[in-house]
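**Student:** So here's work-v5.cif (mmCIF, C-alpha atoms).
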```
data_query
loop_
_atom_site.label_atom_id
_atom_site.label_comp_id
_atom_site.auth_asym_id
_atom_site.auth_seq_id
_atom_site.Cartn_x
_atom_site.Cartn_y
_atom_site.Cartn_z
CA MET A 1 -12.00 -28.67 -97.35
CA ASN A 2 -14.07 -29.03 -94.18
CA GLY A 3 -12.80 -30.28 -90.84
CA ASP A 4 -14.20 -33.78 -91.34
CA GLN A 5 -12.38 -34.14 -94.64
CA HIS A 6 -9.15 -32.88 -93.06
CA GLU A 7 -9.44 -35.37 -90.21
CA ALA A 8 -10.14 -38.21 -92.63
CA ILE A 9 -7.15 -37.36 -94.78
CA GLY A 10 -4.90 -37.07 -91.69
CA GLN A 11 -5.94 -40.51 -90.50
CA SER A 12 -5.36 -42.06 -93.92
CA ASP A 13 -1.74 -40.84 -93.83
CA ILE A 14 -1.07 -42.89 -90.70
CA PRO A 15 0.18 -46.37 -91.62
CA GLU A 16 -1.56 -49.37 -90.24
CA SER A 17 -0.21 -50.47 -86.89
CA ARG A 18 2.00 -53.56 -86.89
CA ASP A 19 3.65 -55.57 -84.14
CA ALA A 20 6.83 -53.79 -83.05
CA GLU A 21 10.14 -55.61 -82.92
CA PRO A 22 10.91 -56.84 -79.35
CA VAL A 23 13.42 -54.71 -77.43
CA LEU A 24 15.91 -56.59 -75.31
CA VAL A 25 16.20 -54.96 -71.90
CA PRO A 26 18.97 -55.99 -69.47
CA ALA A 27 17.76 -57.70 -66.35
CA ASP A 28 19.04 -54.99 -64.03
CA THR A 29 17.31 -52.33 -66.18
CA ALA A 30 14.03 -54.24 -66.02
CA GLU A 31 14.36 -54.42 -62.24
CA GLN A 32 14.86 -50.64 -62.13
CA VAL A 33 11.68 -50.06 -64.16
CA ASN A 34 9.69 -52.46 -62.00
CA ALA A 35 10.97 -50.78 -58.84
CA ASP A 36 10.10 -47.30 -60.11
CA PRO A 37 6.97 -47.39 -62.35
CA SER A 38 7.32 -43.67 -63.07
CA SER A 39 10.56 -44.30 -65.01
CA THR A 40 10.46 -45.49 -68.57
CA VAL A 41 12.63 -48.13 -70.17
CA GLU A 42 14.38 -45.39 -72.15
CA GLU A 43 15.23 -43.48 -68.96
CA ALA A 44 16.50 -46.61 -67.26
CA ILE A 45 18.67 -47.50 -70.25
CA ASP A 46 20.07 -43.95 -70.36
CA ALA A 47 21.02 -44.32 -66.70
CA GLU A 48 23.11 -47.42 -67.47
CA PRO A 49 26.79 -46.88 -68.47
CA ARG A 50 27.23 -47.35 -72.20
CA GLN A 51 29.92 -49.50 -73.71
CA GLY A 52 33.30 -47.83 -73.18
CA GLU A 53 32.08 -45.71 -70.29
CA ILE A 54 33.45 -46.19 -66.76
CA PRO A 55 31.04 -45.95 -63.82
CA ASP A 56 31.72 -43.17 -61.32
CA ALA A 57 32.19 -45.70 -58.51
CA ALA A 58 34.90 -47.52 -60.49
CA ILE A 59 36.69 -44.23 -61.17
CA ALA A 60 36.66 -43.42 -57.45
CA VAL A 61 38.17 -46.84 -56.58
CA ALA A 62 40.86 -46.48 -59.25
CA GLU A 63 41.82 -43.02 -58.01
CA SER A 64 42.07 -44.35 -54.46
CA ASP A 65 44.31 -47.23 -55.61
CA LEU A 66 46.58 -44.82 -57.51
CA SER A 67 46.88 -42.59 -54.46
CA HIS A 68 47.80 -45.59 -52.32
CA ALA A 69 50.30 -46.80 -54.94
CA ASP A 70 52.05 -43.42 -54.93
CA ASN A 71 52.64 -43.75 -51.20
CA THR A 72 54.02 -47.32 -51.41
CA GLN A 73 55.91 -47.18 -54.70
CA LEU A 74 59.37 -46.80 -53.15
CA THR A 75 58.79 -49.64 -50.68
CA THR A 76 57.56 -51.95 -53.44
CA VAL A 77 60.60 -51.32 -55.63
CA GLU A 78 62.99 -51.97 -52.75
CA SER A 79 61.28 -55.24 -51.74
CA THR A 80 61.37 -56.74 -55.23
CA GLU A 81 65.17 -56.84 -55.41
CA PRO A 82 66.25 -60.51 -55.32
CA PRO A 83 68.28 -61.47 -52.23
CA PHE A 84 71.80 -62.88 -52.41
CA TYR A 85 71.38 -65.11 -49.36
CA ILE A 86 68.67 -66.88 -47.35
CA ARG A 87 69.02 -67.74 -43.66
CA SER A 88 69.64 -71.40 -42.88
CA VAL A 89 66.85 -73.37 -41.18
CA GLU A 90 67.32 -75.86 -38.36
CA ASN A 91 65.89 -79.40 -38.45
CA ALA A 92 65.76 -79.36 -42.24
CA PRO A 93 67.80 -80.94 -45.04
CA ILE A 94 71.25 -79.56 -45.74
CA ARG A 95 70.93 -77.46 -48.89
CA GLN A 96 73.09 -77.01 -51.94
CA GLY A 97 74.85 -73.66 -51.71
CA GLU A 98 74.60 -73.63 -47.90
CA ILE A 99 77.51 -72.06 -46.04
CA LEU A 100 78.67 -73.90 -42.92
CA SER A 101 81.26 -72.89 -40.36
CA ASN A 102 83.55 -75.11 -38.24
CA VAL A 103 83.34 -78.14 -40.54
CA MET A 104 85.60 -81.02 -39.52
CA GLN A 105 87.23 -83.22 -42.15
CA HIS A 106 89.09 -86.37 -41.10
CA LYS A 107 92.23 -87.34 -42.99
CA VAL A 108 93.77 -90.76 -42.61
CA PHE A 109 97.56 -91.09 -42.36
CA PHE A 110 98.42 -93.55 -45.11
CA GLU A 111 101.33 -94.94 -43.08
CA SER A 112 98.81 -96.24 -40.57
CA LEU A 113 96.93 -98.31 -43.17
CA ALA A 114 99.33 -101.21 -42.61
CA ASP A 115 99.58 -100.63 -38.87
CA PRO A 116 98.00 -103.52 -36.97
CA GLY A 117 97.36 -101.10 -34.12
CA GLY A 118 94.73 -99.30 -36.16
CA LEU A 119 94.27 -96.23 -38.33
CA GLU A 120 95.60 -92.85 -37.37
CA VAL A 121 93.28 -89.98 -38.25
CA GLN A 122 94.05 -86.29 -38.35
CA PRO A 123 91.14 -83.83 -37.98
CA VAL A 124 91.16 -80.76 -40.23
CA ILE A 125 88.90 -77.87 -39.24
CA HIS A 126 87.55 -75.67 -42.05
CA ASP A 127 86.44 -72.27 -40.83
CA TYR A 128 83.97 -72.15 -43.71
CA ALA A 129 82.74 -74.58 -46.35
CA ILE A 130 79.94 -74.55 -48.91
CA VAL A 131 77.74 -77.52 -49.86
CA LEU A 132 77.82 -78.54 -53.54
CA SER A 133 75.81 -81.80 -53.51
CA GLN A 134 72.51 -81.64 -55.41
CA ASP A 135 69.41 -80.48 -53.52
CA CYS A 136 67.28 -83.40 -54.69
CA ASP A 137 69.79 -85.94 -53.33
CA LEU A 138 70.12 -84.07 -50.04
CA GLU A 139 66.35 -83.83 -49.53
CA GLN A 140 65.70 -87.48 -50.37
CA ASP A 141 68.49 -88.57 -48.04
CA PHE A 142 67.11 -86.43 -45.19
CA ASN A 143 63.57 -87.79 -45.57
CA VAL A 144 64.75 -91.41 -45.59
CA ARG A 145 66.95 -90.86 -42.55
CA GLN A 146 64.04 -89.26 -40.67
CA ALA A 147 61.79 -92.22 -41.51
CA ILE A 148 64.45 -94.71 -40.36
CA LEU A 149 64.98 -92.75 -37.15
CA ALA A 150 61.23 -92.65 -36.44
CA ALA A 151 61.00 -96.41 -36.96
CA GLY A 152 63.94 -97.08 -34.65
CA ALA A 153 65.72 -98.97 -37.43
CA THR A 154 69.35 -98.97 -38.55
CA PRO A 155 70.24 -97.36 -41.92
CA ASP A 156 71.29 -99.78 -44.63
CA PRO A 157 74.61 -98.57 -46.12
CA MET A 158 73.55 -100.03 -49.48
CA ASP A 159 70.24 -98.13 -49.60
CA ASP A 160 70.43 -96.18 -52.87
CA LYS A 161 68.16 -93.47 -51.46
CA LEU A 162 70.79 -92.54 -48.90
CA LEU A 163 73.61 -90.18 -49.82
CA PRO A 164 76.86 -91.66 -48.46
CA ASN A 165 78.81 -88.39 -48.50
CA VAL A 166 78.19 -84.66 -48.87
CA LEU A 167 80.34 -82.78 -51.37
CA LEU A 168 81.73 -79.52 -50.01
CA CYS A 169 84.19 -76.91 -51.16
CA PHE A 170 86.71 -74.97 -49.14
CA LEU A 171 85.87 -71.33 -48.39
CA ALA A 172 88.32 -68.61 -47.39
CA THR A 173 87.89 -64.94 -46.69
CA GLU A 174 88.19 -62.81 -49.81
CA SER A 175 91.15 -60.90 -48.38
CA SER A 176 93.17 -64.02 -47.58
CA MET A 177 92.41 -65.60 -50.96
CA SER A 178 93.25 -62.44 -52.90
CA ALA A 179 96.61 -62.33 -51.11
CA THR A 180 97.52 -65.72 -52.62
CA LEU A 181 96.57 -64.81 -56.20
CA PRO A 182 99.46 -63.80 -58.48
CA GLY A 183 98.97 -60.40 -60.06
CA ARG A 184 96.43 -57.59 -59.98
CA ASP A 185 94.66 -58.74 -63.15
CA ILE A 186 93.79 -62.17 -61.80
CA ARG A 187 92.60 -60.63 -58.52
CA LYS A 188 90.32 -58.32 -60.49
CA ARG A 189 88.98 -61.23 -62.55
CA PHE A 190 88.41 -63.20 -59.35
CA LYS A 191 86.13 -60.50 -57.89
CA GLN A 192 84.26 -60.31 -61.20
CA ASN A 193 83.82 -64.14 -61.25
CA LYS A 194 85.63 -64.36 -64.57
CA GLU A 195 88.45 -66.58 -63.34
CA ASP A 196 87.53 -70.24 -63.96
CA ARG A 197 89.07 -71.65 -60.80
CA TYR A 198 87.61 -69.21 -58.29
CA GLN A 199 84.23 -67.90 -57.16
CA TYR A 200 83.75 -64.66 -55.28
CA LEU A 201 80.88 -64.36 -52.77
CA ARG A 202 79.86 -60.98 -51.42
CA ALA A 203 79.56 -60.34 -47.68
CA VAL A 204 76.55 -61.74 -45.80
CA GLU A 205 74.45 -59.25 -43.84
CA PRO A 206 73.61 -60.17 -40.21
CA ALA A 207 69.90 -60.34 -41.13
CA ASP A 208 70.68 -63.15 -43.61
CA ASP A 209 72.89 -65.11 -41.19
CA ALA A 210 71.26 -67.67 -38.89
CA GLU A 211 73.80 -66.63 -36.23
CA ASP A 212 72.90 -62.94 -36.69
CA GLN A 213 76.59 -62.08 -37.02
CA GLY A 214 77.08 -61.72 -40.76
CA LEU A 215 80.04 -62.95 -42.78
CA GLN A 216 82.72 -61.05 -44.61
CA ALA A 217 83.22 -61.56 -48.34
CA LEU A 218 84.39 -65.09 -49.17
CA GLY A 219 86.17 -66.91 -51.97
CA ILE A 220 85.89 -70.48 -53.28
CA ASP A 221 88.76 -72.45 -54.81
CA PHE A 222 87.12 -75.09 -57.01
CA ARG A 223 90.18 -77.33 -56.74
CA ARG A 224 89.82 -77.65 -53.00
CA TYR A 225 86.69 -79.78 -52.69
CA PHE A 226 86.24 -82.62 -50.22
CA THR A 227 83.56 -84.90 -48.79
CA VAL A 228 82.25 -85.67 -45.34
CA PRO A 229 80.06 -88.71 -44.57
CA THR A 230 76.47 -87.51 -44.47
CA ASP A 231 75.58 -88.94 -41.07
CA GLU A 232 78.80 -87.49 -39.65
CA LEU A 233 78.02 -84.03 -41.05
CA TYR A 234 74.55 -84.04 -39.47
CA ALA A 235 76.16 -85.10 -36.18
CA GLN A 236 78.60 -82.18 -36.47
CA ILE A 237 75.71 -79.77 -37.10
CA GLY A 238 74.23 -80.93 -33.81
CA SER A 239 77.53 -80.04 -32.13
CA ASP A 240 80.13 -77.43 -33.18
CA CYS A 241 79.31 -77.03 -36.90
CA LEU A 242 77.00 -74.09 -37.59
CA ARG A 243 74.52 -73.58 -40.43
CA ARG A 244 74.75 -69.96 -41.53
CA CYS A 245 72.94 -69.22 -44.79
CA ARG A 246 72.50 -70.43 -48.35
CA LEU A 247 72.70 -68.82 -51.76
CA ALA A 248 69.44 -67.61 -53.27
CA PRO A 249 68.30 -69.62 -56.35
CA GLN A 250 69.78 -67.47 -59.14
CA TYR A 251 73.16 -67.16 -57.44
CA LEU A 252 73.12 -70.86 -56.58
CA GLU A 253 72.60 -71.76 -60.25
CA HIS A 254 75.48 -69.46 -61.18
CA LEU A 255 77.80 -71.19 -58.69
CA SER A 256 76.66 -74.68 -59.68
CA CYS A 257 77.23 -74.04 -63.39
CA ARG A 258 80.67 -72.52 -62.85
CA PHE A 259 81.75 -75.43 -60.64
CA ALA A 260 80.49 -77.97 -63.19
CA ASN A 261 82.26 -76.13 -66.01
CA PHE A 262 85.52 -76.13 -64.08
CA LEU A 263 85.34 -79.89 -63.48
CA SER A 264 84.41 -80.63 -67.11
CA ARG A 265 87.08 -78.50 -68.78
CA VAL A 266 89.16 -80.33 -71.39
CA GLY A 267 92.93 -80.08 -71.59
CA LEU A 268 94.19 -80.14 -75.18
CA PRO A 269 97.57 -81.67 -76.21
CA ARG A 270 98.24 -78.55 -78.28
CA ASN A 271 96.51 -75.18 -78.54
CA HIS A 272 95.04 -74.26 -81.91
CA ASP A 273 97.31 -71.23 -82.19
CA ASP A 274 100.54 -73.24 -81.63
#
```
Represent the structure of the file as structure tokens.

**Tutor:**
Amino acid sequence: MNGDQHEAIGQSDIPESRDAEPVLVPADTAEQVNADPSSTVEEAIDAEPRQGEIPDAAIAVAESDLSHADNTQLTTVESTEPPFYIRSVENAPIRQGEILSNVMQHKVFFESLADPGGLEVQPVIHDYAIVLSQDCDLEQDFNVRQAILAAGATPDPMDDKLLPNVLLCFLATESSMSATLPGRDIRKRFKQNKEDRYQYLRAVEPADDAEDQGLQALGIDFRRYFTVPTDELYAQIGSDCLRRCRLAPQYLEHLSCRFANFLSRVGLPRNHDD
């Protein structure tokens, strides 16, 4: 076989050329090829990270973030603990679960009701009291009163958006309340908030007190609730009554539910085990 025959046979083994299937090239790869004519499409594609691979730059950023997280981990954990109390704010609505000090309640002597000379009123000072009216009612009342004040008008006592009175509950120091409770078991249940009639509140740190003084542990007796006219309470806050702090949301819900359960308890004529 001569060389010409060999070349002819070799050419006949090559299939006829046909149009190749189009290859889809990412836009950024095409830009790389256009910017560097010496590089081929295959080289540019090989330079791109394949599916599942992480670019070196991303790995460097992740390692930096992890290093920073190691240094701040303890601070983050400490700051995510929910607070028990939130400082009170001036020139804002009274809030449910807000602790006030030096609250004045006025009691009328019933003997003076028939006295033509007028009513005789006795002031009662509560060292501490906690607000139990609903937040939505308190906020709506405050906004309406502010609008009336800005307009120079007089509040209408029959306006259903106004809250006539604020519901409060007597607060005592935990030590003085525990001293009145009969028996060690009930005192233990009181501090665990397992005694229906009472609610224990832990001490308030100075940082959570609007007066920066802090409060010692307190106790609530759900039977000893009272009301003060709303406009009178706001007037007291502008004088001797002090806004201290309020319960944080979760602890407020706990108090609100326990108070509602106490008021809605049902007395049975006979116990089932009688």

**Student:** Report, in Å with one decimal, the straight-line distance from atom CA of Pro164 of chain A to atom CA of Gln236 of chain A.

**Tutor:**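 Separating atom CA of Pro164 of chain A from atom CA of Gln236 of chain A is a distance of 15.4 Å.
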
**Student:** Let me make sure I understand: among A:Leu171, A:Asp137, A:Pro155, A:Arg145, which one has the smallest atom-to-atom distance to Phe226 of chain A if we use all atoms listed in the file?

**Tutor:**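 Comparing A:Leu171, A:Asp137, A:Pro155, A:Arg145 against Phe226 of chain A, the winner is A:Leu171.
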
**Student:** Have a look at atom CA of Val228 of chain A and atom CA of Gly267 of chain A and let me know their distance in Å, one decimal.

**Tutor:**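 Calculated distance between atom CA of Val228 of chain A and atom CA of Gly267 of chain A is 28.9 Å.
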
**Student:** Could you list, as an MDAnalysis selection string, every residue matched by the PyMOL selection byres ((chain A and resi 263) around 12) in this structure?

**Tutor:** chainID A and resid 196:197 221:225 256:262 264:267

**Student:** Between A:Cys245, A:Val131, A:Leu252, A:Cys169, which residue has the minimum interatomic distance to Pro206 of chain A, considering all atoms listed in the file?

**Tutor:**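 Looking at the shortest contact to Pro206 of chain A, the residue is A:Cys245.
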